[in-house]
Each structure stands twice: as structure tokens, then as C-alpha cells.
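Just final_34.cif here, mmCIF, C-alpha atoms:
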```cif
data_my_file
loop_
_atom_site.label_atom_id
_atom_site.label_comp_id
_atom_site.auth_asym_id
_atom_site.auth_seq_id
_atom_site.Cartn_x
_atom_site.Cartn_y
_atom_site.Cartn_z
CA MET A 16 138.96 94.00 8.28
CA SER A 17 140.12 90.50 9.06
CA LEU A 18 140.34 87.81 11.69
CA LEU A 19 143.07 89.73 13.50
CA ASP A 20 140.74 92.62 14.25
CA TYR A 21 138.77 90.39 16.60
CA PHE A 22 141.66 90.39 19.01
CA ARG A 23 142.05 94.13 19.12
CA THR A 24 138.64 95.36 20.12
CA SER A 25 138.99 95.40 23.89
CA LYS A 26 141.01 98.65 24.13
CA THR A 27 139.19 101.93 24.76
CA SER A 28 137.76 102.60 21.37
CA SER A 29 138.99 105.61 19.47
CA ALA A 30 135.38 106.47 18.65
CA SER A 31 134.50 106.97 22.30
CA VAL A 32 137.54 109.20 22.75
CA ALA A 33 136.40 111.18 19.72
CA LYS A 34 132.91 111.54 21.10
CA GLU A 35 134.11 112.74 24.47
CA ARG A 36 136.45 115.31 22.92
CA LEU A 37 133.70 116.56 20.65
CA GLN A 38 131.14 116.88 23.42
CA ILE A 39 133.46 119.09 25.46
CA LEU A 40 134.53 121.18 22.48
CA VAL A 41 131.07 121.67 21.03
CA ALA A 42 129.61 122.65 24.42
CA HIS A 43 132.36 125.22 24.82
CA GLU A 44 131.92 126.62 21.32
CA ARG A 45 128.17 126.82 21.69
CA SER A 46 128.40 128.77 24.92
CA SER A 47 130.77 131.30 23.39
CA ARG A 48 128.56 131.53 20.29
CA ASN A 49 125.76 133.20 22.24
CA GLN A 50 128.01 135.72 23.88
CA PRO A 51 127.73 139.36 22.94
CA SER A 52 130.40 140.36 20.44
CA TYR A 53 131.71 143.16 22.67
CA LEU A 54 132.97 140.69 25.28
CA PRO A 55 136.63 140.44 24.19
CA GLN A 56 136.90 144.21 23.92
CA LEU A 57 135.27 144.65 27.32
CA GLN A 58 137.72 142.19 28.81
CA LYS A 59 140.67 144.06 27.29
CA GLU A 60 139.56 147.47 28.52
CA LEU A 61 138.72 146.22 31.99
CA LEU A 62 142.17 144.75 32.23
CA GLU A 63 143.71 148.09 31.28
CA VAL A 64 141.74 149.92 33.97
CA ILE A 65 142.60 147.40 36.64
CA ARG A 66 146.25 147.49 35.71
CA LYS A 67 146.34 151.19 36.45
CA TYR A 68 145.90 150.32 40.10
CA VAL A 69 147.03 146.75 40.56
CA ASN A 70 149.72 144.64 38.95
CA VAL A 71 147.74 141.73 37.57
CA GLU A 72 148.67 139.20 34.95
CA GLN A 73 146.90 138.92 31.60
CA ASP A 74 145.18 135.72 32.67
CA ALA A 75 144.24 136.93 36.13
CA ILE A 76 140.99 138.28 34.83
CA SER A 77 138.10 136.32 33.40
CA VAL A 78 134.83 137.57 32.01
CA ASN A 79 132.02 135.06 31.74
CA PHE A 80 128.68 135.54 30.16
CA GLU A 81 125.88 133.18 31.09
CA GLN A 82 122.36 132.97 29.93
CA ASP A 83 119.32 131.11 31.16
CA GLU A 84 115.62 131.54 30.53
CA THR A 85 115.13 134.42 32.91
CA GLN A 86 118.37 136.34 33.08
CA GLU A 87 121.76 137.10 31.62
CA THR A 88 124.73 137.22 33.95
CA LEU A 89 128.02 138.91 33.33
CA GLU A 90 130.56 137.56 35.75
CA LEU A 91 133.87 139.30 36.30
CA ASN A 92 136.61 137.50 38.14
CA ILE A 93 139.93 139.08 39.09
CA VAL A 94 142.63 137.23 40.92
CA LEU A 95 144.69 139.76 42.86
CA PRO A 96 148.35 139.07 43.50
CA ASP A 97 149.44 138.38 47.09
CA TYR A 98 150.99 141.79 47.37
CA HIS A 99 149.06 144.14 45.18
CA PRO A 100 149.53 147.89 45.67
CA LYS A 101 151.36 149.33 42.69
CA ASN A 102 152.88 152.34 44.49
CA THR A 103 153.64 152.20 48.15
CA MET B 8 105.10 126.89 -2.57
CA ALA B 9 108.65 126.29 -3.72
CA ARG B 10 111.26 125.29 -1.16
CA ILE B 11 114.88 126.30 -1.17
CA ILE B 12 117.21 123.61 0.16
CA VAL B 13 120.83 124.31 1.03
CA VAL B 14 123.29 121.44 1.13
CA THR B 15 125.99 122.56 3.51
CA SER B 16 128.70 121.24 5.83
CA GLY B 17 131.38 123.81 6.57
CA LYS B 18 134.08 121.23 5.97
CA GLY B 19 135.15 120.33 2.45
CA GLY B 20 135.17 116.89 0.91
CA VAL B 21 132.35 115.41 2.96
CA GLY B 22 129.98 114.93 0.03
CA LYS B 23 128.03 118.15 -0.51
CA THR B 24 128.15 118.06 -4.29
CA THR B 25 127.50 114.32 -4.44
CA THR B 26 124.51 114.88 -2.16
CA SER B 27 123.24 117.91 -4.06
CA ALA B 28 123.37 116.01 -7.34
CA ALA B 29 121.70 112.95 -5.84
CA ILE B 30 118.84 114.66 -4.05
CA ALA B 31 118.15 117.07 -6.90
CA MET B 32 117.91 114.10 -9.25
CA GLY B 33 115.80 112.20 -6.72
CA LEU B 34 113.31 115.04 -6.32
CA ALA B 35 113.10 115.54 -10.07
CA LYS B 36 112.56 111.82 -10.68
CA LYS B 37 109.66 111.95 -8.25
CA GLY B 38 108.10 114.41 -10.66
CA HIS B 39 108.98 117.68 -8.94
CA LYS B 40 110.50 120.34 -11.13
CA THR B 41 113.88 120.98 -9.53
CA ALA B 42 116.81 123.31 -10.10
CA VAL B 43 120.23 122.71 -8.61
CA ILE B 44 122.66 125.63 -8.27
CA ASP B 45 126.43 125.47 -7.83
CA PHE B 46 127.57 128.27 -5.49
CA ASP B 47 131.24 127.36 -5.62
CA VAL B 48 132.42 130.19 -7.86
CA GLY B 49 135.95 129.57 -9.07
CA LEU B 50 135.89 125.86 -8.19
CA ARG B 51 132.76 124.58 -9.87
CA ASN B 52 132.25 120.84 -9.91
CA LEU B 53 128.54 120.19 -9.85
CA ASP B 54 128.53 120.27 -13.68
CA LEU B 55 131.06 117.44 -13.69
CA ILE B 56 129.14 115.32 -11.17
CA MET B 57 125.93 115.89 -13.15
CA GLY B 58 127.71 115.10 -16.43
CA CYS B 59 126.86 118.36 -18.16
CA GLU B 60 130.30 120.01 -18.11
CA ARG B 61 130.45 120.25 -21.88
CA ARG B 62 127.12 121.98 -22.16
CA VAL B 63 127.94 124.92 -19.89
CA VAL B 64 127.59 128.18 -21.83
CA TYR B 65 126.50 130.73 -19.25
CA ASP B 66 126.74 130.62 -15.46
CA ILE B 67 125.28 132.21 -12.34
CA VAL B 68 127.62 135.20 -12.50
CA ASN B 69 126.54 135.93 -16.09
CA VAL B 70 122.94 135.96 -14.90
CA ILE B 71 123.69 138.25 -11.95
CA ASN B 72 125.58 140.64 -14.22
CA GLY B 73 122.78 140.66 -16.78
CA GLU B 74 124.98 139.06 -19.48
CA ALA B 75 122.56 136.17 -19.89
CA SER B 76 119.00 135.39 -18.93
CA LEU B 77 118.25 132.75 -16.34
CA ASN B 78 116.71 130.53 -19.01
CA GLN B 79 119.82 130.79 -21.15
CA ALA B 80 122.02 129.74 -18.25
CA LEU B 81 119.91 126.82 -16.98
CA ILE B 82 121.01 123.46 -18.40
CA ARG B 83 118.40 120.76 -18.78
CA ASP B 84 119.57 117.45 -17.38
CA LYS B 85 120.00 114.67 -19.92
CA HIS B 86 118.46 111.97 -17.70
CA CYS B 87 115.45 113.79 -16.35
CA GLU B 88 113.57 116.60 -17.96
CA GLN B 89 112.28 117.92 -14.65
CA LEU B 90 115.83 118.78 -13.59
CA TYR B 91 117.87 121.88 -14.44
CA ILE B 92 121.39 122.86 -13.44
CA LEU B 93 122.71 126.39 -12.92
CA PRO B 94 126.50 126.19 -12.97
CA ALA B 95 128.92 128.39 -11.07
CA SER B 96 131.43 130.56 -12.87
CA GLN B 97 134.86 129.02 -13.18
CA THR B 98 136.78 132.18 -14.06
CA ARG B 99 135.47 134.83 -11.68
CA ASP B 100 136.37 135.11 -8.03
CA LYS B 101 133.84 134.45 -5.31
CA ASP B 102 133.08 138.14 -4.77
CA ALA B 103 131.23 138.10 -8.09
CA LEU B 104 128.18 136.84 -6.17
CA ASN B 105 126.04 139.30 -4.26
CA GLN B 106 123.02 138.98 -2.06
CA GLU B 107 120.73 141.03 -4.27
CA GLY B 108 121.64 139.07 -7.41
CA VAL B 109 121.28 135.68 -5.74
CA GLY B 110 117.99 136.73 -4.15
CA LYS B 111 116.63 137.75 -7.54
CA ILE B 112 117.63 134.44 -9.16
CA LEU B 113 116.01 132.44 -6.36
CA GLU B 114 112.82 134.50 -6.51
CA ASP B 115 112.61 133.89 -10.28
CA LEU B 116 113.28 130.17 -9.87
CA LYS B 117 110.62 129.85 -7.17
CA LYS B 118 107.97 130.93 -9.70
CA ASP B 119 108.70 127.99 -11.93
CA PHE B 120 110.30 125.28 -9.77
CA LYS B 121 109.12 123.19 -6.84
CA TYR B 122 112.56 122.71 -5.30
CA VAL B 123 115.75 124.71 -5.61
CA VAL B 124 118.82 122.88 -4.29
CA CYS B 125 121.78 125.12 -3.41
CA ASP B 126 125.12 123.32 -3.42
CA SER B 127 127.23 125.29 -0.95
CA PRO B 128 130.99 125.63 -1.22
CA ALA B 129 133.10 124.60 1.78
CA GLY B 130 134.00 127.22 4.34
CA ILE B 131 131.95 130.02 5.82
CA GLU B 132 132.73 132.79 3.40
CA LYS B 133 130.63 134.61 0.85
CA GLY B 134 129.62 131.71 -1.40
CA ALA B 135 128.66 129.55 1.57
CA HIS B 136 126.83 132.44 3.20
CA LEU B 137 124.79 133.21 0.09
CA ALA B 138 124.01 129.54 -0.53
CA MET B 139 122.33 129.27 2.87
CA TYR B 140 121.03 132.81 3.34
CA PHE B 141 117.69 132.32 1.56
CA ALA B 142 117.16 128.67 2.52
CA ASP B 143 114.00 127.11 3.88
CA ASP B 144 115.59 123.73 4.61
CA ALA B 145 119.20 122.80 5.31
CA PHE B 146 120.74 119.40 4.67
CA VAL B 147 123.81 119.31 6.90
CA VAL B 148 126.20 116.78 5.37
CA THR B 149 128.47 115.30 8.01
CA ASN B 150 131.10 112.56 8.10
CA PRO B 151 131.43 110.51 11.29
CA GLU B 152 134.69 112.22 12.08
CA VAL B 153 135.65 114.91 14.61
CA SER B 154 136.47 117.85 12.35
CA SER B 155 133.37 117.35 10.22
CA VAL B 156 131.06 117.16 13.24
CA ARG B 157 132.60 120.28 14.74
CA ASP B 158 132.25 122.21 11.47
CA SER B 159 128.65 121.05 11.11
CA ASP B 160 127.88 122.42 14.54
CA ARG B 161 129.45 125.71 13.52
CA MET B 162 127.26 125.78 10.40
CA LEU B 163 124.18 125.16 12.55
CA GLY B 164 125.09 128.24 14.54
CA LEU B 165 125.32 130.28 11.35
CA LEU B 166 122.05 128.90 9.96
CA SER B 167 120.26 130.03 13.10
CA SER B 168 121.82 133.48 13.22
CA LYS B 169 122.95 134.66 9.78
CA SER B 170 120.15 133.50 7.48
CA ARG B 171 117.30 135.58 6.13
CA ARG B 172 114.81 133.64 8.24
CA ALA B 173 116.87 134.41 11.35
CA GLU B 174 117.34 138.07 10.48
CA GLN B 175 113.65 138.59 9.75
CA ASN B 176 112.49 136.62 12.80
CA GLN B 177 110.67 134.08 10.66
CA GLU B 178 110.24 130.42 11.41
CA PRO B 179 113.80 129.02 11.55
CA ILE B 180 115.38 126.98 8.75
CA LYS B 181 114.52 123.28 9.06
CA GLU B 182 117.77 121.46 9.67
CA TYR B 183 118.35 117.85 8.68
CA LEU B 184 121.35 115.60 9.22
CA LEU B 185 122.81 113.51 6.44
CA LEU B 186 125.58 111.27 7.69
CA THR B 187 127.79 110.30 4.76
CA ARG B 188 130.73 107.94 4.22
CA TYR B 189 129.45 105.78 7.04
CA SER B 190 131.12 102.47 7.64
CA PRO B 191 129.09 100.16 9.91
CA GLU B 192 132.01 97.73 10.20
CA ARG B 193 134.30 100.41 11.57
CA VAL B 194 131.60 101.64 13.93
CA LYS B 195 131.24 98.11 15.25
CA LEU B 196 134.96 97.93 15.89
CA GLY B 197 134.83 101.22 17.77
CA ASP B 198 136.95 103.01 15.19
CA MET B 199 134.25 105.36 13.97
CA LEU B 200 131.62 107.57 15.58
CA SER B 201 128.21 105.93 15.33
CA VAL B 202 124.98 107.57 14.15
CA ASP B 203 123.93 107.81 17.78
CA ASP B 204 127.21 109.44 18.79
CA VAL B 205 126.83 112.11 16.15
CA GLN B 206 123.17 112.57 17.03
CA ASP B 207 124.05 112.96 20.73
CA ILE B 208 126.22 115.91 19.76
CA LEU B 209 124.27 117.57 16.94
CA SER B 210 120.73 116.40 17.81
CA LEU B 211 119.24 116.97 14.38
CA HIS B 212 116.48 115.25 12.49
CA LEU B 213 118.26 112.35 10.77
CA LEU B 214 117.32 112.24 7.12
CA GLY B 215 119.58 109.36 6.25
CA VAL B 216 122.88 107.55 6.51
CA ILE B 217 124.85 107.13 3.30
CA PRO B 218 127.31 104.24 3.53
CA GLU B 219 130.87 104.56 2.32
CA SER B 220 130.53 103.07 -1.13
CA LYS B 221 132.53 102.38 -4.23
CA SER B 222 129.53 103.38 -6.28
CA VAL B 223 129.99 107.08 -5.41
CA LEU B 224 133.33 107.23 -7.21
CA THR B 225 132.02 105.15 -10.09
CA ALA B 226 129.10 107.54 -10.44
CA SER B 227 131.29 110.63 -10.42
CA ASN B 228 133.66 109.01 -12.92
CA SER B 229 130.84 108.77 -15.40
CA GLY B 230 129.01 111.96 -14.46
CA THR B 231 125.77 110.34 -13.36
CA PRO B 232 124.34 111.16 -9.93
CA VAL B 233 124.76 108.08 -7.73
CA ILE B 234 121.02 107.92 -7.01
CA LEU B 235 120.57 106.65 -10.59
CA ASP B 236 122.62 103.57 -9.66
CA GLU B 237 119.61 101.87 -8.14
CA LYS B 238 121.50 98.69 -7.35
CA SER B 239 124.11 100.46 -5.24
CA ASP B 240 123.82 100.91 -1.48
CA ALA B 241 124.60 104.65 -1.70
CA GLY B 242 122.04 105.10 -4.48
CA GLN B 243 119.35 103.37 -2.43
CA ALA B 244 120.31 105.35 0.65
CA TYR B 245 119.88 108.62 -1.25
CA ALA B 246 116.54 107.43 -2.63
CA ASP B 247 115.44 106.83 0.97
CA VAL B 248 116.63 110.32 1.92
CA VAL B 249 114.53 111.90 -0.81
CA ALA B 250 111.48 109.82 0.13
CA ARG B 251 111.82 110.74 3.80
CA TYR B 252 112.23 114.40 2.96
CA LEU B 253 109.00 114.20 0.97
CA GLY B 254 107.26 112.75 4.00
CA GLU B 255 107.45 109.00 3.47
CA ASP B 256 108.19 106.90 6.49
CA ARG B 257 111.08 104.62 5.63
CA PRO B 258 113.15 102.63 8.11
CA HIS B 259 116.84 103.51 8.19
CA ARG B 260 119.14 101.11 6.37
CA PHE B 261 122.90 100.74 6.05
CA ILE B 262 123.48 101.48 9.73
CA ASP B 263 124.19 97.97 10.95
CA ASP B 264 127.00 95.73 9.93
CA LYS B 265 125.30 93.07 7.84
CA LYS B 266 128.39 91.25 6.78
CA GLY B 267 128.41 87.64 7.92
CA PHE B 268 131.14 85.74 9.69
CA PHE B 269 132.85 84.64 6.49
CA GLY B 270 132.81 88.14 5.05
CA LYS B 271 134.70 89.31 8.09
CA LEU B 272 137.03 86.39 8.22
CA PHE B 273 138.27 86.88 4.72
CA GLY B 274 138.04 90.65 4.81
CA SER B 275 136.37 92.64 2.13
CA LYS B 276 135.71 96.27 1.52
#
```

Go ahead and render the structure in this file as C-alpha cells.
Amino acid sequence: MSLLDYFRTSKTSSASVAKERLQILVAHERSSRNQPSYLPQLQKELLEVIRKYVNVEQDAISVNFEQDETQETLELNIVLPDYHPKNT
Amino acid sequence: MARIIVVTSGKGGVGKTTTSAAIAMGLAKKGHKTAVIDFDVGLRNLDLIMGCERRVVYDIVNVINGEASLNQALIRDKHCEQLYILPASQTRDKDALNQEGVGKILEDLKKDFKYVVCDSPAGIEKGAHLAMYFADDAFVVTNPEVSSVRDSDRMLGLLSSKSRRAEQNQEPIKEYLLLTRYSPERVKLGDMLSVDDVQDILSLHLLGVIPESKSVLTASNSGTPVILDEKSDAGQAYADVVARYLGEDRPHRFIDDKKGFFGKLFGSK
């Protein structure tokens, strides 16, 4: 640390960048920590079933598990392609 | 009733062994009979930090396998007769530890000791799991740095789900934060996460802030826990940590940049 450092302090500090990144990451990791362990498998099997009928991409399906004091919610989201029937 | 303390962090190199040695010595110097156990089988180092590496005859794996008694394996510290060290094995692999064996050792130690400090290895594998499994209190050692904070948060998740207290629905492990290698000057410049930043993320009970200090290396060079260096900032900070853990109310030190204008101008470290 020296005199020069006094002229470099006005930039966005790297510590605040670090804090912001950590807050997002830790919140994400905490929410997935409480999820039931069957979730990835469930997601995989659901995708297989849906693909029997509709051509969807791997990332077109999302399974979210949320928890509050009173209830647990399992949310399933499938984005269908514009033209979806597999056999016409 | 004896308390089992785990010193843990997830990440390596943040100061677990330094902290284990310091707080075990601090508790013992306060008159509490204390044992400190190295769980890092294959990479033991607590013996070196405590300065008893040449007196190791038996280790924790010998005790688990029935090749030595607990009393034969415990090494009495040369500075404080209330303090005993149980070294890890250097030659076995980490699977040599098992839950039953560790549980038995801790039960036996609890009959005779007031505090048992478990120095966890880095990572989240068997040694780390067994070090924290039976704990009553956890000292989470964290550096003000992104990967360390993230790993600490991961450890907190494990403490609250994979410990004996969690599995048996007992009162949860008491978790304390120890922020180590802290540099108030760098925090002031915005180059380092502050205590408050880390607390905003981990929200733990802050037991103490240990400043980045030359005295830690000096202490490990000579094999004397840094808490015995009463003149050093790190030694005093650890003494505060021990006092706070034992219920004393001590204001936090070493958080603010105390260096005066001239210190900054001419730069010092």
C-alpha cells in the first residue's frame, strides 16, 4: 500500500463485485440444497415421456421446487415448439 | 458436560489447523482439560503446528484398530499440561477412519476432557464428515474471499443435514464464524470483502476476526500455537475468540485500519 493507491479507489471496488456474485450464487445453491434428491431423475423421465409425443429440446423443460412455511410446490414448465405434433 | 468442537471450512488453506491449535491451547490455558484431534489421515500436520511431531508414536487409526489404547496415543503438550493431542495417521488412507471407531474415541474422551477440538481436513469427504458428525459446536473458518465463503456456506448446509444432531433431530450444532487472514487495509481500499459483507452472506455468530499476520508463519515455523505469542495481533485475536466462546463479552478488534497517514504513505505490511 502506498501513496499511489489513494488515486485508484474511485473505481467500482472488486469487493463489491465479489459480494454481489456471492449473494446470487449462494442464494441459488441454498435453494437447490433443500430440493428433494429425486428431482433430476424426475426431470429426466418427464422429458422422456414428453418426447414420445412432442419434439421438445432438452432445455425446453424446467422443474422447480419451492418451499415456504405452509406448502411445497413442484412447478413443471414445458415450452412447446411452434409446430409440435410429432406424426401428422 | 464435555463439548465437541469441529473446526471446519470446506476449502483448504484457510487456517483450520492454525485455528485448531490456537483455540485448543487457549481453552487449555484457561484451565479446561482439552484434547485436539487431527482428522486429516494421510496428510497430518497438526503435530507439526503443535510442535510434537517427534513424539508421535501411535495415532487415531491405531486406536480405532485396537493396536494402541487411547492413553498411549494421546500426546501431552509441552507448554500446557491440560492439553493433549491425538495425531492422524500419516501412512493409512482416509478410509481407515469409521464412524463407529471415531464415535467410541469421542465418547471416551468426553469422560475425561472438557473440550474436544476436531481439526477437520479440507473437502467434504470421509475425514471431514467424521470430524463434524459428532460435533456440538462448529467453528467455520473463512477467508474474506469468494471461494472460501462459498465453501463455508456449503459446509453449513452439511452441518445442518448430515451431522448426528441433525439425523437424530436434536438441537442443531451451534455455528460460529471465524474470519481469518483479514486485512483491514485492503478492505478499506475495496479490494477485500469486509466482515459485514461476509456476515450478510453467511449470517453466523461472529466469534472473531483474525488479521493477516506474519506471526502465524513464525509460530508454525517454530511449532508453537500462535496464541502463545501474546504480543502478536493474531495471538491476541485468538485469545479473544477463546474468551468469547467461553462467554466473555469482548469488543472486536483488528477490524479497522489503524495505520496512520505516515504508515500508509510509506507503505508497510

Skip stretch 38-41 of chain A itself and residues of its chain fewer than 5 positions away, then list as a ChimeraX atom specification all residues within 8 Å of it, counting all atoms listed in the file.
/B:157,160,208

From atom CA of B:Ala103 to atom CA of B:Gly73 the spacing works out at 12.4 Å

Using the chain letters and residue numbers of this document, give as a ChimeraX atom specification the residues selected by the PyMOL selection byres ((chain B and resi 13) around 7).
/B:11-12,14-15,124-127,138-139,142,144-146

What's the 10 Å shell around B:Arg51, counting only C-alpha atoms, without same-chain residues fewer than 4 positions away, as number ranges by chain?
B: 24, 45-47, 55, 60, 94-98, 128

For the residues selected in the previous step, produce a file with C-alpha atoms as a PDB file, in the coordinates of the input.
```pdb
ATOM      1  CA  THR B  24     128.150 118.060  -4.290  1.00  0.00           C
ATOM      2  CA  ASP B  45     126.430 125.470  -7.830  1.00  0.00           C
ATOM      3  CA  PHE B  46     127.570 128.270  -5.490  1.00  0.00           C
ATOM      4  CA  ASP B  47     131.240 127.360  -5.620  1.00  0.00           C
ATOM      5  CA  LEU B  55     131.060 117.440 -13.690  1.00  0.00           C
ATOM      6  CA  GLU B  60     130.300 120.010 -18.110  1.00  0.00           C
ATOM      7  CA  PRO B  94     126.500 126.190 -12.970  1.00  0.00           C
ATOM      8  CA  ALA B  95     128.920 128.390 -11.070  1.00  0.00           C
ATOM      9  CA  SER B  96     131.430 130.560 -12.870  1.00  0.00           C
ATOM     10  CA  GLN B  97     134.860 129.020 -13.180  1.00  0.00           C
ATOM     11  CA  THR B  98     136.780 132.180 -14.060  1.00  0.00           C
ATOM     12  CA  PRO B 128     130.990 125.630  -1.220  1.00  0.00           C
TER      13      PRO B 128
END
```

Would you work out the distance separating atom CA of B:Arg172 from atom CA of B:Tyr122, expressed in Å to one decimal?
17.5 Å

Fewer than 6 positions away in the same chain doesn't count, so skip those; otherwise give me all residues within 10 Å of A:Gln58, counting all atoms listed in the file, as number ranges by chain.
A: 76-79, 91

Given the file shown, determine the residues that the PyMOL selection byres ((chain A and resi 54) around 12) selects; report them as number ranges by chain.
A: 47-53, 55-61, 77-81, 89-91

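Picture a line from atom CA of B:Ser239 to atom CA of B:Lys221; it runs 8.7 Å.
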
Mind telling me what the PyMOL selection byres ((chain B and resi 123) around 12) catches here, as a ChimeraX atom specification?
/B:8-14,27-28,30-32,34-35,39-45,89-93,112-122,124-126,138-139,141-145

Minimum-distance residue to B:Lys265, chosen among B:Val233, B:Glu192, B:Tyr245, B:Val216 (using only C-alpha atoms)
B:Glu192

Would you mind putting N, CA, C and O atoms back on stretch 82-101 of chain A and writing the result as a PDB file, in the coordinates of the input?
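As written to disk, result-v9.pdb reads:
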```pdb
ATOM      1  N   GLN A  82     123.722 132.656  30.330  1.00  0.00           N
ATOM      2  CA  GLN A  82     122.360 132.970  29.930  1.00  0.00           C
ATOM      3  C   GLN A  82     121.442 131.833  30.338  1.00  0.00           C
ATOM      4  O   GLN A  82     121.739 130.667  30.075  1.00  0.00           O
ATOM      5  N   ASP A  83     120.369 132.132  31.029  1.00  0.00           N
ATOM      6  CA  ASP A  83     119.320 131.110  31.160  1.00  0.00           C
ATOM      7  C   ASP A  83     117.995 131.747  30.772  1.00  0.00           C
ATOM      8  O   ASP A  83     117.987 132.853  30.239  1.00  0.00           O
ATOM      9  N   GLU A  84     116.909 131.066  31.050  1.00  0.00           N
ATOM     10  CA  GLU A  84     115.620 131.540  30.530  1.00  0.00           C
ATOM     11  C   GLU A  84     115.273 132.944  31.043  1.00  0.00           C
ATOM     12  O   GLU A  84     114.707 133.767  30.352  1.00  0.00           O
ATOM     13  N   THR A  85     115.617 133.176  32.304  1.00  0.00           N
ATOM     14  CA  THR A  85     115.130 134.420  32.910  1.00  0.00           C
ATOM     15  C   THR A  85     116.130 135.569  32.917  1.00  0.00           C
ATOM     16  O   THR A  85     115.745 136.721  32.918  1.00  0.00           O
ATOM     17  N   GLN A  86     117.415 135.237  32.961  1.00  0.00           N
ATOM     18  CA  GLN A  86     118.370 136.340  33.080  1.00  0.00           C
ATOM     19  C   GLN A  86     119.699 136.084  32.379  1.00  0.00           C
ATOM     20  O   GLN A  86     120.062 134.950  32.080  1.00  0.00           O
ATOM     21  N   GLU A  87     120.414 137.178  32.157  1.00  0.00           N
ATOM     22  CA  GLU A  87     121.760 137.100  31.620  1.00  0.00           C
ATOM     23  C   GLU A  87     122.716 137.600  32.694  1.00  0.00           C
ATOM     24  O   GLU A  87     122.471 138.626  33.334  1.00  0.00           O
ATOM     25  N   THR A  88     123.785 136.847  32.902  1.00  0.00           N
ATOM     26  CA  THR A  88     124.730 137.220  33.950  1.00  0.00           C
ATOM     27  C   THR A  88     126.090 137.501  33.346  1.00  0.00           C
ATOM     28  O   THR A  88     126.607 136.714  32.554  1.00  0.00           O
ATOM     29  N   LEU A  89     126.652 138.608  33.722  1.00  0.00           N
ATOM     30  CA  LEU A  89     128.020 138.910  33.330  1.00  0.00           C
ATOM     31  C   LEU A  89     128.862 138.792  34.589  1.00  0.00           C
ATOM     32  O   LEU A  89     128.691 139.545  35.548  1.00  0.00           O
ATOM     33  N   GLU A  90     129.776 137.818  34.552  1.00  0.00           N
ATOM     34  CA  GLU A  90     130.560 137.560  35.750  1.00  0.00           C
ATOM     35  C   GLU A  90     131.997 137.987  35.527  1.00  0.00           C
ATOM     36  O   GLU A  90     132.626 137.607  34.548  1.00  0.00           O
ATOM     37  N   LEU A  91     132.502 138.795  36.436  1.00  0.00           N
ATOM     38  CA  LEU A  91     133.870 139.300  36.300  1.00  0.00           C
ATOM     39  C   LEU A  91     134.687 138.764  37.457  1.00  0.00           C
ATOM     40  O   LEU A  91     134.326 138.920  38.619  1.00  0.00           O
ATOM     41  N   ASN A  92     135.790 138.128  37.114  1.00  0.00           N
ATOM     42  CA  ASN A  92     136.610 137.500  38.140  1.00  0.00           C
ATOM     43  C   ASN A  92     138.040 138.003  38.037  1.00  0.00           C
ATOM     44  O   ASN A  92     138.674 137.851  37.006  1.00  0.00           O
ATOM     45  N   ILE A  93     138.541 138.604  39.114  1.00  0.00           N
ATOM     46  CA  ILE A  93     139.930 139.080  39.090  1.00  0.00           C
ATOM     47  C   ILE A  93     140.692 138.428  40.230  1.00  0.00           C
ATOM     48  O   ILE A  93     140.270 138.488  41.386  1.00  0.00           O
ATOM     49  N   VAL A  94     141.786 137.814  39.877  1.00  0.00           N
ATOM     50  CA  VAL A  94     142.630 137.230  40.920  1.00  0.00           C
ATOM     51  C   VAL A  94     143.722 138.239  41.250  1.00  0.00           C
ATOM     52  O   VAL A  94     144.568 138.548  40.410  1.00  0.00           O
ATOM     53  N   LEU A  95     143.687 138.772  42.471  1.00  0.00           N
ATOM     54  CA  LEU A  95     144.690 139.760  42.860  1.00  0.00           C
ATOM     55  C   LEU A  95     145.979 139.060  43.306  1.00  0.00           C
ATOM     56  O   LEU A  95     145.926 137.969  43.873  1.00  0.00           O
ATOM     57  N   PRO A  96     147.098 139.670  43.025  1.00  0.00           N
ATOM     58  CA  PRO A  96     148.350 139.070  43.500  1.00  0.00           C
ATOM     59  C   PRO A  96     148.452 139.188  45.017  1.00  0.00           C
ATOM     60  O   PRO A  96     147.759 140.014  45.616  1.00  0.00           O
ATOM     61  N   ASP A  97     149.325 138.396  45.634  1.00  0.00           N
ATOM     62  CA  ASP A  97     149.440 138.380  47.090  1.00  0.00           C
ATOM     63  C   ASP A  97     149.737 139.777  47.634  1.00  0.00           C
ATOM     64  O   ASP A  97     149.159 140.219  48.607  1.00  0.00           O
ATOM     65  N   TYR A  98     150.648 140.438  46.948  1.00  0.00           N
ATOM     66  CA  TYR A  98     150.990 141.790  47.370  1.00  0.00           C
ATOM     67  C   TYR A  98     150.636 142.716  46.228  1.00  0.00           C
ATOM     68  O   TYR A  98     151.255 142.703  45.174  1.00  0.00           O
ATOM     69  N   HIS A  99     149.575 143.498  46.375  1.00  0.00           N
ATOM     70  CA  HIS A  99     149.060 144.140  45.180  1.00  0.00           C
ATOM     71  C   HIS A  99     149.250 145.632  44.985  1.00  0.00           C
ATOM     72  O   HIS A  99     149.202 146.098  43.869  1.00  0.00           O
ATOM     73  N   PRO A 100     149.469 146.463  45.998  1.00  0.00           N
ATOM     74  CA  PRO A 100     149.530 147.890  45.670  1.00  0.00           C
ATOM     75  C   PRO A 100     150.661 148.213  44.684  1.00  0.00           C
ATOM     76  O   PRO A 100     151.753 147.643  44.784  1.00  0.00           O
ATOM     77  N   LYS A 101     150.386 149.044  43.724  1.00  0.00           N
ATOM     78  CA  LYS A 101     151.360 149.330  42.690  1.00  0.00           C
ATOM     79  C   LYS A 101     152.405 150.328  43.188  1.00  0.00           C
ATOM     80  O   LYS A 101     153.586 150.204  42.929  1.00  0.00           O
TER      81      LYS A 101
END
```
